[in-house]
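J.: Got a structure for you, written out below as structure tokens; questions coming shortly.
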Amino acid sequence: MKALITGGAGFIGSHLADHLLTAGHDVVVLDDLATGSLANLSSISDHPRFRYVEGSVLDEALVNTLASGVDTIFHLAAAVGSFVIRDRTLQSLRTNIHGTENVLTAAHRHQNRVLIASSSEVYGKNTKIGLCEDDDRVVGSPLLHRWSYSEAKAVDESLTHSYVTELGLQAVIVRLFNTVGPRQSGRYGMVIPRFVAQALAGAPLTVFGTGAQIRCFCHVQDVVPALVALVDARDAYGTAVNVGSTEQVSIADLALRVLALTGSSSDVVHLTYEQGIGAGYEDLQRRVPDCTRARKLIDFRPTRTLDDILRSVIDEQSRPNLVRAAVR
Ligand SMILES: NC(=O)c1ccc[n+]([C@@H]2O[C@H](COP(=O)([O-])OP(=O)(O)OC[C@H]3O[C@@H](n4cnc5c(N)ncnc54)[C@H](O)[C@@H]3O)[C@@H](O)[C@H]2O)c1
């Protein structure tokens, strides 16, 4: 495989780059370092089958040129994280809609296979336990920045679906649920790296809202092989596929588990959403996937537990000289 990974200097993209190089493939990464980091690529930067290009998916000509040299595109570049969406809503919409359209156009022109990274956010406030790919979206006003990421990812999905059904593009949409592991930054609102950084610093763990919200966290090392298998799964083209863990935990319990595993004596404090994220934020009370489709297509079965995930993040953040931590 000759693969282009957009957003490959980010958390998931850099693990995907490692995985593809180890499997013998060629990898080109396109990233503008908005939330990614060259440190994520430091172990592969000298690899003979690796190339890094700094630039934006909004640069249509650049995306076209890079697509012409590969057979497969993993489109992971996006404005990600509730703080990013809140602070740069317009730019985030542009990146997440026009950037995807540029990738789809180039992939169609050069007949690349494509994986489009979407998100469980498309389900919005639907709290069904075991969300299936065909379930309804339940979202708030498009005028609230809170929903703009969900809106943009939904547009990406519709664009992708149309490219497949009308133009014959070979593309799969993956709806990622919370994905966690080393290299994820807590700076942009991701809860596990944020709690771990707070616990290790002896700072209070800040829970937004009641803490009763339920989430499922999947280790990035379980997610990455699924991405590689899905881009190859012809039966998946034109569909969306959930990828995530089904191990449920409340955010309040998550904070306690982080304290137990770090041995930290930090307090847990509750902030309102307004205090933590800003006005107009509305949280989702529960988000649990049904991954039957992924199991049928690629035998997807995540193996790492939540404690495995927490230990891997704690190990990483405990290393000296790490500047990834976000204490807030
Ligand atoms: N991590 C999760 O839990 C999760 C959940 C659902 C969906 N996703 C999706 O997975 C993908 C990867 O997310 P991640 O968690 O690795 O986040 P990340 O922020 O680490 O990665 C996103 C990468 O895209 C890059 N980027 C942003 N704008 C760009 C642009 N205009 N041009 C080129 N690069 C640009 C960033 O610099 C970053 O490296 C995203 O599409 C995200 O929406 C992630």
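Each chain in the structure tokens gets a letter, A, B, ..., in the order shown, and its residues are numbered from 1; ligands are numbered from 1 in order too.
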Can you list every residue in range 110-238 of chain A that DSSP puts in strand (DSSP E or B), as number ranges by chain?

T.: A: 113-119, 124, 129-131, 138, 170-176, 179-180, 205-208, 214-216, 218-219

J.: What does the list of residues within 6 Å of ligand 1 look like if you count only C-alpha atoms and all ligand atoms, written as a VMD selection string?

T.: chain A and resid 6 to 13 30 to 36 55 to 58 76 to 80 95 117 to 120 176 to 179

J.: Excluding same-chain residues fewer than 2 positions from Arg94 in chain A, what lies within 12 Å of it counting only C-alpha atoms, as a list in words?

T.: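 Counting only the stated atoms, we get Ser56, Val57, Leu58, Asp59, Ala77, Ala78, Ala79, Ile85, Arg88, Thr89, Leu90, Gln91, Ser92, Asn96, Ile97, His98, Gly99, Thr100, Glu101, Asn102, Ser148, Tyr149, Glu151, Ala152, Lys153, Val155 and Asp156 of chain A.
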
J.: So that I can check the surroundings of Ile5 in chain A, please list as a PyMOL selection string every protein, DNA and RNA residue that reaches within 6 Å of it, counting only C-alpha atoms and ignoring chain neighbours fewer than 2 positions away.

T.: chain A and resi 8+29+73-74

J.: Kindly export the residues of the current selection with N, CA and C atoms, as a compact mmCIF listing (two decimals), in the first residue's frame.

T.:
# COMPACT_ATOMS: atom_id res chain seq x y z
N GLY A 8 -1.86 13.05 9.90
CA GLY A 8 -1.00 11.96 10.37
C GLY A 8 -0.02 12.35 11.47
N VAL A 29 2.52 11.63 5.16
CA VAL A 29 1.65 12.33 6.11
C VAL A 29 1.49 13.78 5.67
N ILE A 73 -6.05 6.55 0.79
CA ILE A 73 -6.01 7.74 1.64
C ILE A 73 -6.79 7.48 2.93
N PHE A 74 -6.14 7.75 4.04
CA PHE A 74 -6.83 7.76 5.34
C PHE A 74 -7.02 9.22 5.69

J.: Could you tell me, as a PyMOL selection string, which residues of range 11-123 of chain A DSSP assigns to helix (DSSP H, G or I) when given the backbone?

T.: chain A and resi 11-22+38-41+60-68+82-87+89-110+120-123
